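Everything below belongs to input33.txt, which stores compact mmCIF, C-alpha atoms.
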# COMPACT_ATOMS: atom_id res chain seq x y z
CA MET A 33 111.88 41.53 45.44
CA ASN A 34 110.27 42.36 48.64
CA PRO A 35 110.52 39.31 50.89
CA TYR A 36 107.12 40.01 52.36
CA ARG A 37 105.58 40.09 48.89
CA MET A 38 107.15 36.71 48.01
CA LYS A 39 105.84 35.21 51.20
CA ALA A 40 102.38 36.50 50.50
CA THR A 41 102.59 35.02 47.00
CA HIS A 42 103.55 31.62 48.39
CA ILE A 43 100.75 31.78 50.85
CA ALA A 44 98.31 32.61 48.08
CA VAL A 45 99.52 29.76 45.88
CA ALA A 46 99.33 27.33 48.79
CA ALA A 47 95.84 28.55 49.56
CA LEU A 48 94.85 28.10 45.93
CA PHE A 49 96.14 24.53 45.86
CA GLY A 50 94.33 23.91 49.14
CA VAL A 51 91.08 25.16 47.65
CA LEU A 52 91.57 23.06 44.52
CA GLY A 53 92.42 20.04 46.66
CA ALA A 54 89.38 20.54 48.87
CA THR A 55 87.20 20.88 45.77
CA ALA A 56 88.54 17.76 43.98
CA LEU A 57 88.50 15.41 46.99
CA PRO A 58 84.74 15.03 47.30
CA VAL A 59 84.43 14.39 43.54
CA HIS A 60 87.10 11.65 43.67
CA ALA A 61 85.52 10.05 46.79
CA GLU A 62 82.03 9.97 45.16
CA THR A 63 83.44 8.20 42.08
CA GLU A 64 84.94 5.41 44.19
CA ILE A 65 81.61 4.94 46.03
CA GLU A 66 79.75 4.64 42.76
CA ALA A 67 82.30 2.12 41.53
CA LEU A 68 81.87 0.13 44.70
CA LYS A 69 78.10 0.24 44.26
CA ARG A 70 78.40 -0.99 40.67
CA GLU A 71 80.76 -3.75 41.76
CA LEU A 72 78.40 -4.81 44.56
CA ALA A 73 75.47 -4.81 42.13
CA GLU A 74 77.39 -6.99 39.67
CA GLN A 75 78.41 -9.35 42.46
CA ARG A 76 74.81 -9.54 43.63
CA VAL A 77 73.65 -10.49 40.11
CA LEU A 78 76.40 -13.10 39.92
CA ILE A 79 75.45 -14.50 43.32
CA GLU A 80 71.78 -14.70 42.26
CA LYS A 81 72.78 -16.57 39.10
CA LEU A 82 74.91 -18.98 41.12
CA LEU A 83 72.04 -19.59 43.58
CA ALA A 84 69.60 -20.20 40.71
CA ALA A 85 72.01 -22.67 39.11
CA GLN A 86 72.49 -24.39 42.46
CA ASN A 87 68.71 -24.71 42.97
CA SER A 88 68.32 -26.09 39.45
CA GLN A 89 71.03 -28.68 40.06
CA LYS A 90 69.43 -29.61 43.37
CA ALA A 91 66.03 -30.13 41.71
CA ALA A 92 67.62 -32.26 38.99
CA ILE A 93 69.41 -34.39 41.58
CA GLU A 94 66.18 -34.88 43.56
CA LYS A 95 64.35 -35.89 40.38
CA ILE A 96 67.03 -38.44 39.52
CA GLU A 97 67.08 -39.82 43.06
CA SER A 98 63.29 -40.24 43.04
CA ARG A 99 63.40 -42.52 39.99
CA PRO A 100 63.44 -46.31 40.51
CA ALA A 101 66.93 -47.68 40.50
CA PRO A 102 67.80 -49.45 37.25
CA ALA A 103 67.57 -53.21 37.42
CA GLN A 104 70.87 -54.91 37.96
CA ALA A 105 71.20 -58.52 36.96
CA SER A 106 73.99 -59.04 39.48
CA SER A 107 71.83 -57.84 42.40
CA GLY A 108 68.91 -60.07 41.47
CA ALA A 109 66.60 -57.11 40.70
CA SER A 110 63.89 -57.51 38.10
CA LEU A 111 64.84 -56.86 34.49
CA LEU A 112 61.18 -56.41 33.52
CA PRO A 113 59.64 -53.01 32.81
CA PRO A 114 57.74 -51.44 35.72
CA GLY A 115 54.25 -52.92 36.11
CA VAL A 116 55.04 -56.20 34.32
CA THR A 117 55.00 -59.51 36.20
CA VAL A 118 55.87 -63.04 35.11
CA TYR A 119 54.18 -65.81 37.10
CA GLY A 120 53.53 -69.51 36.82
CA THR A 121 52.96 -72.91 38.35
CA LEU A 122 55.15 -75.92 37.57
CA ASP A 123 53.80 -79.27 38.70
CA VAL A 124 55.89 -82.45 38.33
CA ASN A 125 54.78 -85.61 40.04
CA VAL A 126 54.62 -89.35 40.31
CA ALA A 127 51.04 -90.51 40.77
CA SER A 128 49.20 -93.78 41.11
CA ALA A 129 45.42 -93.68 40.80
CA ASN A 130 42.44 -95.89 40.10
CA SER A 131 39.10 -94.23 39.48
CA GLY A 132 37.30 -97.30 38.16
CA TYR A 133 39.25 -98.08 35.02
CA GLY A 134 42.26 -99.84 36.48
CA ARG A 135 45.27 -98.58 38.39
CA LYS A 136 47.74 -96.48 36.47
CA THR A 137 51.05 -95.03 37.59
CA THR A 138 52.26 -91.95 35.79
CA VAL A 139 55.33 -89.73 35.87
CA GLY A 140 54.69 -86.32 34.47
CA SER A 141 52.98 -82.97 34.75
CA GLY A 142 49.69 -81.68 36.06
CA GLY A 143 49.07 -84.13 38.88
CA MET A 144 47.59 -81.71 41.41
CA THR A 145 47.08 -78.72 39.16
CA ALA A 146 47.93 -77.58 35.64
CA SER A 147 51.39 -76.24 34.88
CA SER A 148 51.34 -72.79 33.34
CA ILE A 149 53.37 -69.66 32.72
CA GLY A 150 51.95 -66.22 32.19
CA VAL A 151 52.81 -62.56 31.93
CA LYS A 152 50.61 -59.69 33.04
CA GLY A 153 51.07 -55.98 33.42
CA GLN A 154 49.53 -52.57 33.74
CA LYS A 155 50.54 -49.03 32.83
CA GLU A 156 49.09 -45.72 33.96
CA LEU A 157 47.80 -43.39 31.24
CA GLY A 158 49.10 -40.07 32.55
CA ASP A 159 46.86 -38.40 35.13
CA THR A 160 43.60 -39.72 33.66
CA GLY A 161 43.03 -42.33 36.35
CA LEU A 162 42.98 -44.99 33.63
CA ARG A 163 45.50 -47.77 33.22
CA VAL A 164 46.09 -50.33 30.51
CA VAL A 165 45.88 -53.93 31.74
CA ALA A 166 46.85 -57.08 29.85
CA GLU A 167 47.56 -60.76 30.47
CA ALA A 168 48.68 -63.75 28.42
CA GLU A 169 48.87 -67.20 30.01
CA MET A 170 49.86 -70.52 28.48
CA GLY A 171 49.67 -74.09 29.68
CA ILE A 172 52.75 -76.31 29.65
CA ASP A 173 53.05 -80.08 29.68
CA LEU A 174 56.27 -80.75 31.57
CA THR A 175 56.06 -84.39 30.52
CA THR A 176 56.91 -83.58 26.90
CA GLY A 177 57.53 -79.84 26.91
CA VAL A 178 54.47 -79.16 24.75
CA GLY A 179 53.07 -75.65 25.03
CA GLY A 180 49.36 -74.94 25.13
CA ASN A 181 46.71 -77.27 26.53
CA GLY A 182 47.26 -80.31 24.37
CA PRO A 183 46.30 -83.86 25.31
CA ASN A 184 47.51 -85.05 28.69
CA ALA A 185 47.21 -88.74 29.66
CA ASN A 186 48.20 -88.23 33.26
CA GLY A 187 46.05 -90.93 34.81
CA VAL A 188 43.17 -89.01 36.32
CA ASN A 189 40.94 -91.72 34.79
CA ASN A 190 37.64 -90.06 35.66
CA ALA A 191 35.79 -90.85 32.41
CA VAL A 192 37.63 -93.32 30.18
CA PRO A 193 40.83 -95.35 30.56
CA SER A 194 43.90 -93.12 30.84
CA SER A 195 41.86 -89.97 30.41
CA GLY A 196 42.84 -86.60 31.74
CA GLY A 197 43.70 -83.15 30.58
CA PHE A 198 44.93 -79.73 31.43
CA THR A 199 42.73 -77.25 33.17
CA GLY A 200 41.85 -75.44 29.99
CA THR A 201 41.27 -76.38 26.37
CA GLY A 202 42.78 -75.68 23.00
CA SER A 203 46.06 -76.19 21.18
CA GLN A 204 46.89 -72.49 20.85
CA ILE A 205 49.89 -71.19 22.77
CA PHE A 206 48.01 -68.82 25.09
CA SER A 207 45.09 -71.17 25.59
CA ARG A 208 44.43 -70.23 29.20
CA GLN A 209 43.98 -66.46 28.92
CA ALA A 210 44.91 -63.70 26.49
CA TYR A 211 43.28 -60.29 26.88
CA ALA A 212 43.85 -56.55 27.13
CA GLY A 213 41.77 -53.58 28.24
CA LEU A 214 41.36 -50.57 30.50
CA ALA A 215 40.83 -50.29 34.25
CA ASN A 216 39.89 -47.57 36.71
CA ASP A 217 39.62 -47.78 40.50
CA ASN A 218 36.27 -45.96 40.52
CA TYR A 219 34.59 -47.41 37.42
CA GLY A 220 35.94 -50.95 37.13
CA GLN A 221 37.72 -52.90 34.39
CA LEU A 222 36.80 -53.64 30.77
CA THR A 223 38.80 -56.24 28.83
CA ILE A 224 38.60 -57.95 25.43
CA GLY A 225 40.01 -61.33 24.40
CA ARG A 226 40.05 -64.90 25.72
CA GLN A 227 39.28 -64.86 29.42
CA TYR A 228 37.49 -66.48 32.34
CA THR A 229 33.79 -66.07 33.01
CA GLY A 230 32.56 -65.15 36.46
CA SER A 231 30.59 -68.41 36.77
CA TYR A 232 33.71 -70.49 36.21
CA VAL A 233 35.71 -68.54 38.79
CA VAL A 234 32.92 -68.98 41.34
CA ASP A 235 32.75 -72.70 40.61
CA ALA A 236 36.50 -73.32 40.51
CA VAL A 237 37.62 -71.09 43.39
CA LEU A 238 34.88 -69.86 45.72
CA ALA A 239 32.87 -73.11 45.81
CA ASN A 240 35.84 -75.44 46.24
CA ALA A 241 37.38 -76.27 49.59
CA PHE A 242 40.23 -78.07 47.79
CA GLY A 243 40.90 -75.30 45.27
CA PRO A 244 40.94 -75.51 41.46
CA GLY A 245 42.63 -78.48 39.84
CA LEU A 246 43.38 -80.43 43.02
CA TYR A 247 42.21 -83.96 43.84
CA GLY A 248 38.75 -83.75 45.36
CA SER A 249 37.89 -80.53 43.58
CA SER A 250 34.23 -80.37 42.56
CA MET A 251 35.16 -78.24 39.58
CA ALA A 252 35.66 -81.38 37.50
CA TYR A 253 31.96 -82.21 37.48
CA MET A 254 30.18 -79.02 38.53
CA SER A 255 31.19 -77.16 35.38
CA ASN A 256 29.54 -79.88 33.27
CA VAL A 257 26.10 -78.95 34.59
CA GLY A 258 24.48 -76.70 32.02
CA SER A 259 27.79 -76.62 30.09
CA MET A 260 29.15 -73.77 32.17
CA PRO A 261 31.34 -71.43 30.08
CA ALA A 262 34.89 -71.39 31.43
CA ARG A 263 37.48 -69.65 29.24
CA VAL A 264 35.73 -68.04 26.30
CA ASN A 265 37.05 -66.61 23.04
CA ASN A 266 35.97 -63.35 21.38
CA SER A 267 34.63 -62.04 24.67
CA ILE A 268 34.16 -58.70 26.40
CA ALA A 269 34.25 -58.75 30.20
CA TYR A 270 33.41 -56.02 32.70
CA HIS A 271 34.43 -56.23 36.38
CA SER A 272 32.77 -53.66 38.61
CA PRO A 273 34.50 -52.11 41.63
CA SER A 274 33.40 -53.26 45.07
CA PHE A 275 30.59 -51.38 46.83
CA SER A 276 30.29 -52.31 50.52
CA GLY A 277 31.46 -55.84 49.69
CA PHE A 278 29.26 -56.26 46.57
CA SER A 279 30.69 -56.53 43.05
CA GLY A 280 29.72 -57.86 39.63
CA TRP A 281 31.29 -59.63 36.65
CA LEU A 282 29.59 -59.52 33.24
CA THR A 283 30.93 -61.44 30.21
CA TRP A 284 29.54 -61.30 26.67
CA MET A 285 30.67 -63.92 24.15
CA ALA A 286 30.54 -63.01 20.46
CA GLY A 287 30.57 -66.62 19.26
CA ASN A 288 32.63 -68.13 16.44
CA GLU A 289 32.38 -65.13 14.09
CA ASN A 290 33.28 -67.49 11.22
CA ASN A 291 30.62 -66.41 8.68
CA CYS A 292 29.02 -69.89 8.63
CA ASP A 293 25.26 -70.45 8.61
CA GLY A 294 25.39 -74.14 9.44
CA ASN A 295 24.25 -75.34 6.04
CA ILE A 296 27.49 -74.71 4.19
CA PHE A 297 29.26 -78.05 3.89
CA ASN A 298 32.94 -77.25 3.73
CA SER A 299 36.03 -77.55 5.89
CA VAL A 300 35.63 -74.05 7.26
CA CYS A 301 32.26 -74.96 8.73
CA ARG A 302 33.49 -78.41 9.85
CA GLY A 303 31.53 -80.41 7.28
CA ALA A 304 27.94 -81.53 7.43
CA ASN A 305 27.93 -82.99 10.92
CA PRO A 306 28.31 -81.47 13.40
CA ARG A 307 27.37 -78.11 11.98
CA VAL A 308 28.51 -74.76 13.30
CA THR A 309 27.25 -71.27 12.67
CA ASP A 310 28.53 -67.75 12.99
CA SER A 311 26.91 -67.49 16.42
CA SER A 312 28.01 -70.87 17.80
CA GLY A 313 29.13 -70.17 21.37
CA GLU A 314 27.44 -66.78 21.54
CA GLY A 315 26.02 -65.90 24.93
CA ILE A 316 26.21 -64.01 28.18
CA ASP A 317 27.40 -64.79 31.72
CA LEU A 318 26.66 -62.78 34.87
CA ALA A 319 28.11 -63.21 38.35
CA LEU A 320 27.33 -61.25 41.52
CA PHE A 321 29.65 -61.42 44.55
CA TYR A 322 29.57 -60.52 48.21
CA ARG A 323 32.71 -60.69 50.33
CA SER A 324 33.37 -59.87 53.98
CA LYS A 325 35.97 -61.04 56.50
CA THR A 326 34.01 -64.19 57.32
CA LEU A 327 31.32 -64.59 54.63
CA THR A 328 31.71 -65.13 50.90
CA ALA A 329 28.68 -65.62 48.64
CA ALA A 330 28.00 -65.55 44.91
CA LEU A 331 25.09 -65.98 42.53
CA THR A 332 25.72 -66.57 38.81
CA THR A 333 23.72 -67.34 35.68
CA TRP A 334 24.43 -67.86 31.99
CA GLU A 335 22.77 -68.50 28.64
CA VAL A 336 25.06 -69.68 25.85
CA LYS A 337 24.34 -71.13 22.42
CA ARG A 338 25.86 -74.55 21.95
CA ALA A 339 29.04 -74.99 19.91
CA ASN A 340 27.36 -77.00 17.13
CA TYR A 341 24.30 -79.02 16.17
CA ALA A 342 23.78 -82.35 14.44
CA THR A 343 21.78 -83.17 11.30
CA ASN A 344 18.73 -84.23 13.32
CA GLU A 345 18.56 -80.80 14.98
CA THR A 346 17.06 -77.67 13.49
CA GLY A 347 19.61 -75.30 14.93
CA LEU A 348 21.71 -74.40 17.92
CA ALA A 349 20.34 -75.28 21.33
CA LYS A 350 21.00 -73.09 24.39
CA ASN A 351 22.68 -73.94 27.66
CA LYS A 352 20.91 -72.22 30.53
CA ALA A 353 21.87 -72.52 34.17
CA TRP A 354 22.48 -70.77 37.47
CA GLN A 355 24.45 -71.46 40.62
CA GLY A 356 24.66 -70.19 44.16
CA VAL A 357 27.64 -70.69 46.47
CA ILE A 358 28.43 -69.65 50.01
CA SER A 359 31.27 -70.16 52.47
CA TYR A 360 31.71 -69.03 56.07
CA ASP A 361 34.87 -68.83 58.11
CA PHE A 362 34.44 -69.76 61.79
CA GLY A 363 38.15 -69.24 62.45
CA PHE A 364 38.92 -72.87 63.26
CA LEU A 365 36.68 -74.19 60.46
CA ARG A 366 35.43 -72.98 57.09
CA LEU A 367 32.25 -74.42 55.59
CA TYR A 368 31.44 -74.48 51.88
CA GLY A 369 28.09 -74.94 50.17
CA ALA A 370 27.08 -74.87 46.51
CA TYR A 371 23.98 -75.44 44.40
CA LEU A 372 24.10 -75.68 40.62
CA THR A 373 21.36 -76.46 38.12
CA GLY A 374 21.13 -76.25 34.34
CA ARG A 375 19.32 -77.47 31.25
CA VAL A 376 19.57 -77.52 27.48
CA SER A 377 16.68 -76.02 25.55
CA GLY A 378 15.79 -75.56 21.90
CA GLY A 379 17.49 -77.01 18.88
Give the structure from this file in structure tokens form.
Amino acid sequence: MNPYRMKATHIAVAALFGVLGATALPVHAETEIEALKRELAEQRVLIEKLLAAQNSQKAAIEKIESRPAPAQASSGASLLPPGVTVYGTLDVNVASANSGYGRKTTVGSGGMTASSIGVKGQKELGDTGLRVVAEAEMGIDLTTGVGGNGPNANGVNNAVPSSGGFTGTGSQIFSRQAYAGLANDNYGQLTIGRQYTGSYVVDAVLANAFGPGLYGSSMAYMSNVGSMPARVNNSIAYHSPSFSGFSGWLTWMAGNENNCDGNIFNSVCRGANPRVTDSSGEGIDLALFYRSKTLTAALTTWEVKRANYATNETGLAKNKAWQGVISYDFGFLRLYGAYLTGRVSGG
């Protein structure tokens, strides 16, 4: 074979391979780029999923951290549900007093004020602006451990020998207060149950320099004028919000609601004398308040049917009265003034 022909053949074959190589190289390089693009896209999706999971975990952690810490008995934290409070006053004493019926020394409970324990709470109703409010308060005689407001011969001696009693009446457990209702910051509070009247709060707190239940408190005799309603059963009370220092307190009492007409002589209606009716104790109480930094004033009125009537009466009489109180703080001295008048009509 001609050596020049063989050389030309080799050159041609080499050229052919060179052409094939030059043609295949771009195709192979483009495939690797596409693979890299797909890999980067997959990694980007994975990274986005990881970031989303991280953000979700972060939000969950922030939500958990924003919750109140669980109560721990060892740390002294409250074990009560949020919004619930237990409160009370425990009075033990040794007292010696003589109010006109002989000196008497006593060891017991309720010397300066009544002993009591209560629980109250509130709970928001979603985003409505409303909240449920409730309270139940009982009196306790630390002399004997009796619950409720039973008899207490603690030596106050203001009416008969060895007389005296808790601030509150009744033998039921929650004899002081027991009510529930709804409240709103803009519209006020509406509650149903056994609760204070505005007149009694004005008399016992706002009109008393010595405070309720203490020696020297005028509450002991002022509330007797016109038979002022104090804690009332079967009642509906509305407390208005304060407007420029002014507020109101309206209480309606449904009465006994015992289905008696006063002429039914049985144990349910307490026999023939005294007689009670379905509306015994029915009435209304209204109190208006004004409060500022230095001045406190209140005007109250009530009209309540008496609890019973005797055989020489034709029906229930009515207790009608009103009171006005005022106090002013001079900084170094606070003055109190009160006027109360009442009468019994009808019956």
* Asked: Restricting the calculation to only C-alpha atoms, which member of A:Thr175, A:Gln355, A:Thr145, A:Thr283 is positioned closest to Gln227 (chain A)?
  ->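 Of A:Thr175, A:Gln355, A:Thr145, A:Thr283, the one nearest Gln227 (chain A), counting only C-alpha atoms, is A:Thr283.
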* **Test item: residues at most 6 Å from region 311-318 of chain A, all atoms listed in the file, excluding those fewer than 3 positions along its chain, as a list in words** => Trp281, Leu282, Thr283, Trp284, Met285, Ala286, Gly287, Asn288, Val308, Thr332, Thr333, Trp334, Glu335, Val336, Lys337, Arg338 and Ala339 of chain A
* Please, what distance in Å, to one decimal, runs between CA of Ser207 (chain A) and CA of Ala168 (chain A)? -> 8.7 Å
* Nearest to Tyr119 (chain A) among A:Met170, A:Leu82, A:Leu348, A:Val233, with distances taken over all atoms listed in the file: which residue is it? -> A:Met170
* Within 8 Å of (54.0, -91.4, 35.2), all atoms listed in the file: residues as a ChimeraX atom specification? -> /A:125-128,137-140,186-187
* Near-region 156-163 of chain A list (8 Å; all atoms listed in the file; drop same-chain fewer than 3 positions) as a PyMOL selection string -> chain A and resi 214-217
* Rank A:Thr229, A:Thr309, A:Asn291, A:Asn218 by their smallest atom-to-atom distance to Ile268 (chain A), using only C-alpha atoms, and report the top residue only. =>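 Under the stated criterion, the closest residue is A:Thr229.
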* Residue contacts of Leu122 (chain A) (8 Å, all atoms listed in the file) excluding same-chain residues fewer than 3 positions away, as a list of chain:residue names -> A:Ser141, A:Ala146, A:Ser147, A:Ser148, A:Leu174
* To do: Rounded to one decimal place, report the CA of Ala262 (chain A)-CA of Ser231 (chain A) distance in Å.
  =>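 Rounded to one decimal, the two atoms are 7.5 Å apart.
Atom pair CA of Tyr211 (chain A) / CA of Ile358 (chain A): separated by 29.0 Å.
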* Asked: Residues at most 10 Å from Arg263 (chain A), counting all atoms listed in the file, excluding those fewer than 5 positions away in the same chain, as JSON, numbers by chain?
  -> {"A": [200, 201, 207, 208, 209, 210, 225, 226, 227, 228, 229, 230, 232, 233]}
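In this comparison, which uses all atoms listed in the file, the residue of A:Asn240, A:Ser267, A:Gln75, A:Thr328 approaching Ser279 (chain A) most closely is A:Thr328.
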